[in-house]
Structure formats: C-alpha cells, structure tokens
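Undergrad: Next comes upload-v7.cif, mmCIF, C-alpha atoms:
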```cif
data_start
#
loop_
_atom_site.label_atom_id
_atom_site.label_comp_id
_atom_site.auth_asym_id
_atom_site.auth_seq_id
_atom_site.Cartn_x
_atom_site.Cartn_y
_atom_site.Cartn_z
CA MET A 1 5.37 -31.96 19.17
CA SER A 2 5.65 -29.26 16.53
CA GLU A 3 6.00 -30.01 12.86
CA PRO A 4 9.63 -29.71 11.65
CA HIS A 5 10.59 -27.01 9.19
CA GLN A 6 12.95 -27.76 6.31
CA ASP A 7 15.86 -26.26 8.23
CA GLY A 8 14.96 -28.24 11.35
CA ALA A 9 13.37 -25.34 13.26
CA PRO A 10 9.79 -25.76 14.51
CA LEU A 11 7.05 -24.25 12.38
CA TRP A 12 5.52 -22.57 15.41
CA LEU A 13 6.17 -22.04 19.07
CA PRO A 14 4.27 -24.36 21.42
CA GLY A 15 1.09 -22.70 22.69
CA ARG A 16 1.42 -19.71 20.40
CA ALA A 17 0.17 -19.18 16.86
CA ARG A 18 2.97 -18.59 14.40
CA ALA A 19 0.64 -16.64 12.12
CA PHE A 20 -2.97 -15.46 12.10
CA GLY A 21 -5.41 -13.32 10.15
CA TYR A 22 -7.01 -10.08 11.30
CA ALA A 23 -10.03 -8.47 9.59
CA GLN A 24 -11.53 -5.03 10.15
CA ASP A 25 -14.02 -2.97 8.15
CA LEU A 26 -13.17 0.62 9.00
CA GLU A 27 -14.35 4.14 8.46
CA PRO A 28 -11.59 6.71 7.92
CA LEU A 29 -8.50 5.25 9.59
CA ASP A 30 -5.39 6.60 11.29
CA THR A 31 -3.35 4.09 13.28
CA GLY A 32 -0.76 6.63 14.39
CA TRP A 33 2.90 5.69 14.40
CA HIS A 34 3.44 2.23 15.84
CA GLU A 35 5.33 -1.01 15.38
CA HIS A 36 4.69 -4.71 15.95
CA ASP A 37 6.78 -7.51 17.38
CA THR A 38 5.50 -9.58 14.45
CA HIS A 39 5.87 -9.28 10.69
CA GLN A 40 2.79 -7.92 8.93
CA LEU A 41 1.30 -8.53 5.49
CA LEU A 42 -0.91 -5.48 5.00
CA TYR A 43 -3.73 -5.61 2.48
CA ALA A 44 -6.93 -3.69 1.67
CA ALA A 45 -9.66 -5.89 0.19
CA ALA A 46 -11.55 -2.68 -0.65
CA GLY A 47 -10.54 0.97 -0.51
CA THR A 48 -7.03 2.40 -0.58
CA LEU A 49 -4.62 2.52 2.35
CA ARG A 50 -1.79 5.01 2.75
CA LEU A 51 1.29 3.45 4.28
CA GLU A 52 4.10 5.59 5.70
CA VAL A 53 7.48 4.07 6.49
CA GLY A 54 10.63 6.14 6.88
CA GLY A 55 10.53 8.92 4.29
CA ALA A 56 8.15 7.12 1.91
CA LEU A 57 4.40 7.19 1.41
CA TRP A 58 2.83 4.30 -0.52
CA LEU A 59 -0.73 4.03 -1.80
CA LEU A 60 -2.12 0.51 -1.32
CA PRO A 61 -5.21 -0.25 -3.42
CA PRO A 62 -6.44 -3.87 -3.60
CA GLN A 63 -3.89 -4.51 -6.36
CA ARG A 64 -0.95 -4.07 -3.95
CA GLY A 65 0.21 -5.60 -0.70
CA ALA A 66 2.94 -4.59 1.75
CA TRP A 67 5.25 -6.67 3.92
CA ILE A 68 6.27 -4.76 7.06
CA GLU A 69 9.11 -6.32 9.02
CA ALA A 70 8.77 -6.75 12.79
CA GLY A 71 9.96 -3.68 14.69
CA THR A 72 9.51 -1.29 11.75
CA PRO A 73 7.75 1.98 12.73
CA HIS A 74 4.89 2.73 10.35
CA ARG A 75 1.58 4.53 10.06
CA VAL A 76 -1.53 3.50 8.11
CA THR A 77 -4.27 5.96 7.15
CA SER A 78 -7.29 6.07 4.90
CA GLY A 79 -9.70 8.89 4.20
CA ARG A 80 -12.55 6.60 3.20
CA PRO A 81 -14.09 3.30 4.34
CA THR A 82 -11.65 0.41 3.95
CA ARG A 83 -11.80 -3.36 4.34
CA LEU A 84 -8.52 -4.07 6.10
CA ARG A 85 -7.21 -7.65 5.90
CA THR A 86 -3.90 -8.28 7.64
CA VAL A 87 -1.82 -11.38 8.24
CA TYR A 88 0.63 -11.36 11.15
CA PHE A 89 3.64 -13.69 11.19
CA ASP A 90 5.92 -14.56 14.08
CA ALA A 91 9.20 -12.63 13.85
CA SER A 92 11.07 -15.91 13.32
CA VAL A 93 9.32 -16.37 9.94
CA GLU A 94 11.53 -15.53 6.96
CA GLY A 95 9.99 -12.89 4.70
CA PRO A 96 11.25 -10.37 2.12
CA ASP A 97 14.67 -8.98 2.95
CA SER A 98 13.51 -5.41 3.59
CA PRO A 99 11.97 -3.43 6.48
CA CYS A 100 9.10 -2.57 4.11
CA CYS A 101 8.36 -4.09 0.74
CA VAL A 102 5.40 -3.19 -1.48
CA PHE A 103 4.52 -5.57 -4.30
CA ALA A 104 1.78 -6.41 -6.77
CA MET A 105 -0.87 -8.63 -5.18
CA THR A 106 -1.65 -11.51 -7.51
CA PRO A 107 -5.13 -13.07 -7.66
CA LEU A 108 -3.68 -16.05 -5.76
CA GLY A 109 -2.27 -13.76 -3.09
CA ARG A 110 -5.57 -11.96 -2.67
CA GLU A 111 -7.48 -15.20 -2.21
CA MET A 112 -4.91 -16.53 0.25
CA VAL A 113 -5.08 -13.39 2.38
CA LEU A 114 -8.88 -13.56 2.44
CA HIS A 115 -8.71 -17.28 3.27
CA ALA A 116 -6.30 -16.54 6.14
CA MET A 117 -9.09 -14.74 8.00
CA ARG A 118 -10.49 -18.12 9.02
CA TRP A 119 -7.60 -18.35 11.51
CA PRO A 120 -7.84 -15.40 13.92
CA GLU A 121 -5.29 -14.68 16.65
CA GLU A 122 -4.23 -17.78 18.62
CA GLY A 123 -6.19 -19.92 16.16
CA ALA A 124 -3.51 -21.02 13.70
CA SER A 125 -1.87 -23.98 15.40
CA ASP A 126 -3.27 -26.95 13.44
CA ARG A 127 -1.25 -28.62 10.71
CA GLN A 128 -3.39 -27.22 7.88
CA ALA A 129 -2.89 -23.66 9.13
CA ILE A 130 0.84 -24.15 9.61
CA LEU A 131 1.35 -25.37 6.06
CA PHE A 132 -0.92 -22.64 4.68
CA PHE A 133 0.92 -19.78 6.37
CA GLU A 134 4.29 -21.28 5.51
CA ALA A 135 3.26 -21.22 1.84
CA LEU A 136 1.99 -17.64 2.12
CA ALA A 137 5.27 -16.48 3.70
CA GLY A 138 7.16 -18.18 0.88
CA LEU A 139 5.07 -16.36 -1.70
CA CYS A 140 5.75 -13.05 0.06
CA ARG A 141 9.46 -13.73 -0.26
CA GLU A 142 8.95 -14.38 -3.97
CA TRP A 143 6.82 -11.26 -4.50
CA GLY A 144 9.37 -9.23 -2.56
CA GLU A 145 11.96 -9.99 -5.23
CA SER A 146 10.02 -7.67 -7.58
CA PRO A 147 9.05 -4.71 -5.39
CA LEU A 148 7.09 -1.73 -6.66
CA ASP A 149 9.22 1.39 -6.27
CA PHE A 150 6.49 3.90 -7.14
CA ARG A 151 5.94 6.00 -4.02
CA LEU A 152 5.48 9.53 -2.75
CA GLN A 153 7.62 11.43 -0.28
CA ARG A 154 6.14 11.32 3.22
CA PRO A 155 5.20 14.68 4.79
CA ARG A 156 6.77 15.55 8.13
CA SER A 157 4.47 18.41 9.16
CA GLU A 158 0.76 18.15 9.87
CA GLU A 159 0.07 21.08 7.53
CA LEU A 160 1.67 19.33 4.57
CA ARG A 161 -0.15 16.13 5.44
CA ARG A 162 -3.51 17.93 5.33
CA ALA A 163 -2.62 19.52 2.00
CA MET A 164 -1.60 16.17 0.52
CA ASP A 165 -4.75 14.49 1.78
CA TYR A 166 -6.81 17.29 0.23
CA ALA A 167 -5.15 16.69 -3.14
CA LEU A 168 -5.33 12.90 -3.01
CA GLU A 169 -9.10 13.06 -2.53
CA ARG A 170 -9.49 15.42 -5.54
CA LEU A 171 -7.06 14.24 -8.19
CA GLY A 172 -9.68 14.45 -10.93
CA GLU A 173 -10.60 18.04 -10.09
CA ASP A 174 -7.24 19.76 -10.70
CA PRO A 175 -6.85 20.86 -7.07
CA ARG A 176 -5.18 24.26 -6.67
CA LEU A 177 -2.30 24.93 -4.31
CA GLU A 178 -4.15 27.91 -2.84
CA ASP A 179 -7.17 25.76 -1.95
CA ALA A 180 -4.96 23.06 -0.43
CA ALA A 181 -3.10 25.70 1.57
CA ARG A 182 -6.37 27.11 2.86
CA HIS A 183 -7.47 23.60 3.86
CA ALA A 184 -4.15 23.10 5.68
CA GLY A 185 -4.38 26.46 7.45
CA VAL A 186 -1.29 28.03 5.87
CA SER A 187 -0.51 30.46 3.08
CA GLY A 188 0.27 29.32 -0.45
CA ARG A 189 3.86 30.55 -0.04
CA THR A 190 4.28 28.56 3.17
CA LEU A 191 2.85 25.42 1.56
CA SER A 192 5.24 25.74 -1.38
CA ARG A 193 8.13 26.07 1.04
CA ARG A 194 6.96 22.98 2.96
CA PHE A 195 6.94 20.95 -0.25
CA ALA A 196 10.48 22.05 -1.08
CA GLU A 197 11.79 21.37 2.45
CA GLU A 198 9.97 18.12 3.22
CA THR A 199 9.67 16.39 -0.15
CA ARG A 200 12.24 18.18 -2.33
CA SER A 201 9.53 18.65 -4.94
CA THR A 202 6.87 21.14 -5.96
CA TRP A 203 3.09 21.04 -5.69
CA ARG A 204 2.82 20.21 -9.39
CA GLN A 205 5.39 17.42 -9.19
CA PHE A 206 3.57 15.86 -6.25
CA LEU A 207 0.22 16.17 -8.01
CA HIS A 208 1.59 14.55 -11.15
CA SER A 209 3.12 11.58 -9.28
CA ALA A 210 -0.07 11.09 -7.27
CA ARG A 211 -2.13 11.07 -10.47
CA MET A 212 0.12 8.46 -12.06
CA LEU A 213 -0.07 6.22 -8.99
CA ARG A 214 -3.83 6.58 -8.92
CA ALA A 215 -3.94 5.73 -12.64
CA MET A 216 -1.97 2.54 -11.96
CA GLU A 217 -4.51 1.58 -9.33
CA LEU A 218 -7.44 2.18 -11.67
CA LEU A 219 -5.86 0.45 -14.66
CA SER A 220 -5.44 -2.71 -12.59
CA ALA A 221 -9.17 -2.90 -11.88
CA PRO A 222 -11.50 -4.95 -14.14
CA ASP A 223 -13.46 -3.26 -16.92
CA GLN A 224 -11.61 0.05 -16.72
CA ARG A 225 -11.11 1.86 -20.03
CA VAL A 226 -7.95 3.92 -20.49
CA THR A 227 -10.08 6.92 -21.51
CA ASP A 228 -12.10 6.75 -18.29
CA VAL A 229 -8.92 6.50 -16.20
CA ALA A 230 -7.44 9.54 -17.94
CA LEU A 231 -10.51 11.61 -17.11
CA GLU A 232 -10.67 10.39 -13.51
CA VAL A 233 -7.12 11.51 -12.76
CA GLY A 234 -7.58 14.93 -14.31
CA PHE A 235 -6.48 14.61 -17.97
CA GLU A 236 -8.77 15.98 -20.67
CA SER A 237 -6.69 14.50 -23.50
CA LEU A 238 -6.09 10.77 -23.90
CA GLY A 239 -2.90 11.51 -25.84
CA ALA A 240 -1.50 13.69 -23.05
CA PHE A 241 -2.34 11.05 -20.45
CA SER A 242 -0.74 8.24 -22.47
CA GLN A 243 2.44 10.25 -22.97
CA ALA A 244 2.67 11.23 -19.30
CA PHE A 245 2.02 7.67 -18.15
CA ARG A 246 4.65 6.22 -20.52
CA LEU A 247 7.27 8.66 -19.25
CA PHE A 248 6.41 7.83 -15.64
CA ALA A 249 5.94 4.04 -15.80
CA GLY A 250 8.01 3.11 -18.84
CA GLU A 251 5.07 1.58 -20.76
CA THR A 252 1.75 2.64 -22.22
CA PRO A 253 -1.43 2.59 -20.11
CA SER A 254 -2.82 -0.22 -22.28
CA ASP A 255 0.31 -2.36 -21.85
CA TYR A 256 0.32 -1.74 -18.09
CA ARG A 257 -3.36 -2.65 -17.84
CA SER A 258 -2.83 -5.92 -19.73
CA ARG A 259 0.21 -6.88 -17.66
CA SER A 260 -1.25 -6.01 -14.27
CA ARG A 261 -4.35 -8.10 -14.92
#
```
Kindly return the structure encoded in the file as structure tokens.
TA:
Amino acid sequence: MSEPHQDGAPLWLPGRARAFGYAQDLEPLDTGWHEHDTHQLLYAAAGTLRLEVGGALWLLPPQRGAWIEAGTPHRVTSGRPTRLRTVYFDASVEGPDSPCCVFAMTPLGREMVLHAMRWPEEGASDRQAILFFEALAGLCREWGESPLDFRLQRPRSEELRRAMDYALERLGEDPRLEDAARHAGVSGRTLSRRFAEETRSTWRQFLHSARMLRAMELLSAPDQRVTDVALEVGFESLGAFSQAFRLFAGETPSDYRSRSR
C-alpha cells in the first residue's frame, strides 16, 4: 500500500517511481527540441547549460536551477563539457506554477539534487526516497516564488544561433559583429537584421545583457573578486563595470556577490 499524501492522494503510483535522479557527464550537448511526460528539475553541477523555452534563453550555471513542467517543449545546449544532474518528477507532483521557472539554487538545493542521484529511474519507491523527493518538490515550489527573470531572447534562425554561441564563448574578448557574422555564414548587415527581427535588440544590446548574466554567474562562485569578474566579461574599468551592473541588476556587484553566497 502506498504512503498517503497530506491531501489523501498516494505519494507514488504502484510499480512506478514517482521521482528519480539522472546523471550524465557530457561533452558539448544539444538535446534538440523535446518534451517530457514528467516534470524536470534541470541542474548543472559543473559547466553552464543554455535552456530555451518559448522565446526565452536562460543561462544555467551551477548557481541556478530550472523547473520545466511536463509537456513543455524545450532545448538544452552547452558548448563545453557539463555535469548534468536532473531530477524527474511524476506529472502528478505539484511544482512551481509555471511552464518554466528559473531560480537561484541554494547550497541545500544543490546537495539535495546531488543526493537524488542515488535513486536512478525506477529506483525511488522506498519510503525514504518518497519523503526525500516530496521535500525536494516542496522546496522547488518555494524557490519558484522568487524566479530569476534575467534572460536572453531565443534565436529562431540557425545563423543567429551560431552568432550568439560565438559571442557567448568570447565575452571577455569584445567579439565583433563582423566576426560573428562570418562564423554564422552571413553578412554583417544580415546579422544585424536578424537581431532586430528575432530578438528586437541590437548586437551591442545582446552582448551587454550576456556579459551581465555571465557576471552574475561568476560573482556567485567562491573566491571571485569583482575586479577579476569585470575583466573576464570584457570591462577594462572597474568603475564602468560597477555602474553597468548596478543599472542592470539594481545593486552593486559587491552586494550581489554577498547576497548570492
């Protein structure tokens, strides 16, 4: 007999795991567009994932997690090696009230996701696992109440995708539109037009937002100095970086670093 839930519904379906962990260490990744009949808690223990849902593109470093509701089309990519750690929940589990919700991953959340890997598919049917995953789903609902709205516009064309990928791998090098266009196989004029049509922004606006998101990722990591972060995302002046970050995030880099840790 299954354990009762607070609302009287069973915690899991007989003979089927209600939740399980899935671990993969991957080289460059592209899942293609797909969807699951389960909810998904997506997390990178190392590396940075790019998550596309609808018209949005999120960057998911180890400081962020994403809840993807069952039946939601999405695509996950990464240009570098990544340690993917995912938790799948039965669609009957109550999670954040959104098709896709990106939130800050707390130290507790990180450890719980890593701990969930001890229960692979079809292996989470004992009482300990049931209670564990019920608690994790509850935390996801709590984290989902404070989502992170910082995102990029998702490209629709393959040419713009290649140009964006080129820039995201070279944020500290001041990548030029002409070089990105050459990498994407189009002219600079065509690439500028693609940005306007597909993202309603310019190359410079995209580059600036991507740098700020990358800075947020770096500032959340241990032992990172604000000066080093400024240089890594392409700023030669600490003052210019601090001003740009404050306008983008609403707080100074130092305050953000202290809060995110």
Undergrad: Here is a test: counting all atoms listed in the file, which residue of A:Thr48, A:Thr106, A:Thr190, A:Gln205 is nearest to Leu152 in chain A?
TA: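 That would be A:Gln205, the residue with the smallest distance to Leu152 in chain A.
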Undergrad: For the structure shown, which residues end up in the PyMOL selection byres ((chain A and resi 44-47) around 10)? Put them as JSON, numbers by chain, please?
TA: {"A": [23, 24, 25, 26, 42, 43, 48, 49, 60, 61, 62, 63, 64, 65, 66, 78, 79, 80, 81, 82, 83, 84, 85, 86, 110, 111, 113, 114]}
Undergrad: List every residue of range 116-232 of chain A that has an atom at most 12 Å from any atom of range 30-41 of chain A, and for each one report the closest atom pair and its distance in Å to one decimal, counting only C-alpha atoms, with rows sorted by chain and then by increasing residue number, as JSON lines.
TA:
```
{"residue": "A:Ala116", "atom": "CA", "partner": "A:Leu41", "partner_atom": "CA", "distance": 11.1}
{"residue": "A:Phe133", "atom": "CA", "partner": "A:Leu41", "partner_atom": "CA", "distance": 11.3}
{"residue": "A:Leu136", "atom": "CA", "partner": "A:Leu41", "partner_atom": "CA", "distance": 9.7}
{"residue": "A:Ala137", "atom": "CA", "partner": "A:Leu41", "partner_atom": "CA", "distance": 9.1}
{"residue": "A:Leu139", "atom": "CA", "partner": "A:Leu41", "partner_atom": "CA", "distance": 11.3}
{"residue": "A:Cys140", "atom": "CA", "partner": "A:Leu41", "partner_atom": "CA", "distance": 8.3}
{"residue": "A:Arg141", "atom": "CA", "partner": "A:Leu41", "partner_atom": "CA", "distance": 11.3}
{"residue": "A:Trp143", "atom": "CA", "partner": "A:Leu41", "partner_atom": "CA", "distance": 11.7}
{"residue": "A:Gly144", "atom": "CA", "partner": "A:Leu41", "partner_atom": "CA", "distance": 11.4}
```
Undergrad: As a check of understanding, name the residues that the PyMOL selection byres ((chain A and resi 159-166) around 9) selects in the supplied structure, as JSON, numbers by chain.
TA: {"A": [79, 154, 155, 156, 157, 158, 167, 168, 169, 170, 171, 175, 177, 179, 180, 181, 182, 183, 184, 185, 186, 191, 194, 195, 198, 206, 207]}
Undergrad: Range 147-150 of chain A: which residues within 8 Å, counting only C-alpha atoms, same-chain residues fewer than 4 positions away excluded, as a count of residues only?
TA: 7
Undergrad: Which is closer to Phe132 in chain A than all the others in A:Pro73, A:Ser209, A:Ala19, A:Leu57, using only C-alpha atoms?
TA: A:Ala19
Undergrad: Calculated over only C-alpha atoms, which of the candidates A:Gln153, A:Arg257, A:Leu131, A:Ile68 has the smallest distance to Pro222 in chain A?
TA: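 That would be A:Arg257, the residue with the smallest distance to Pro222 in chain A.
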Undergrad: Using only C-alpha atoms, pick whichever of A:Val93, A:Asp174, A:Ala196, A:Thr252 has the shortest atom-to-atom distance to Phe235 in chain A.
TA: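 Among the listed residues, the smallest separation from Phe235 in chain A belongs to A:Asp174.
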Undergrad: Place a sphere of radius 10 Å on (-8.1, 6.6, -21.8) in the file coordinates and name every protein, DNA or RNA residue with an atom inside or on its surface, counting all atoms listed in the file; give the answer as a ChimeraX atom specification.
TA: /A:219,224-232,235-242,253-254
Undergrad: Write the selection just made, keeping C-alpha atoms, as an mmCIF file, keeping the file's coordinate frame?
TA:
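Output file part_5.cif follows:
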```
data_model
loop_
_atom_site.group_PDB
_atom_site.id
_atom_site.type_symbol
_atom_site.label_atom_id
_atom_site.label_comp_id
_atom_site.auth_asym_id
_atom_site.auth_seq_id
_atom_site.Cartn_x
_atom_site.Cartn_y
_atom_site.Cartn_z
ATOM 1 C CA LEU A 219 -5.860 0.450 -14.660
ATOM 2 C CA GLN A 224 -11.610 0.050 -16.720
ATOM 3 C CA ARG A 225 -11.110 1.860 -20.030
ATOM 4 C CA VAL A 226 -7.950 3.920 -20.490
ATOM 5 C CA THR A 227 -10.080 6.920 -21.510
ATOM 6 C CA ASP A 228 -12.100 6.750 -18.290
ATOM 7 C CA VAL A 229 -8.920 6.500 -16.200
ATOM 8 C CA ALA A 230 -7.440 9.540 -17.940
ATOM 9 C CA LEU A 231 -10.510 11.610 -17.110
ATOM 10 C CA GLU A 232 -10.670 10.390 -13.510
ATOM 11 C CA PHE A 235 -6.480 14.610 -17.970
ATOM 12 C CA GLU A 236 -8.770 15.980 -20.670
ATOM 13 C CA SER A 237 -6.690 14.500 -23.500
ATOM 14 C CA LEU A 238 -6.090 10.770 -23.900
ATOM 15 C CA GLY A 239 -2.900 11.510 -25.840
ATOM 16 C CA ALA A 240 -1.500 13.690 -23.050
ATOM 17 C CA PHE A 241 -2.340 11.050 -20.450
ATOM 18 C CA SER A 242 -0.740 8.240 -22.470
ATOM 19 C CA PRO A 253 -1.430 2.590 -20.110
ATOM 20 C CA SER A 254 -2.820 -0.220 -22.280
#
```
Undergrad: Pick out the closest residue to Asp223 in chain A from this set: A:Trp203, A:Ser258, A:Ser187, A:Ala244. Count all atoms listed in the file.
TA: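 With all atoms listed in the file as the atom set, the closest residue is A:Ser258.
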Undergrad: What does the distance from CA of Trp67 in chain A to CA of Glu134 in chain A come to in Å, to one decimal?
TA: 14.7 Å
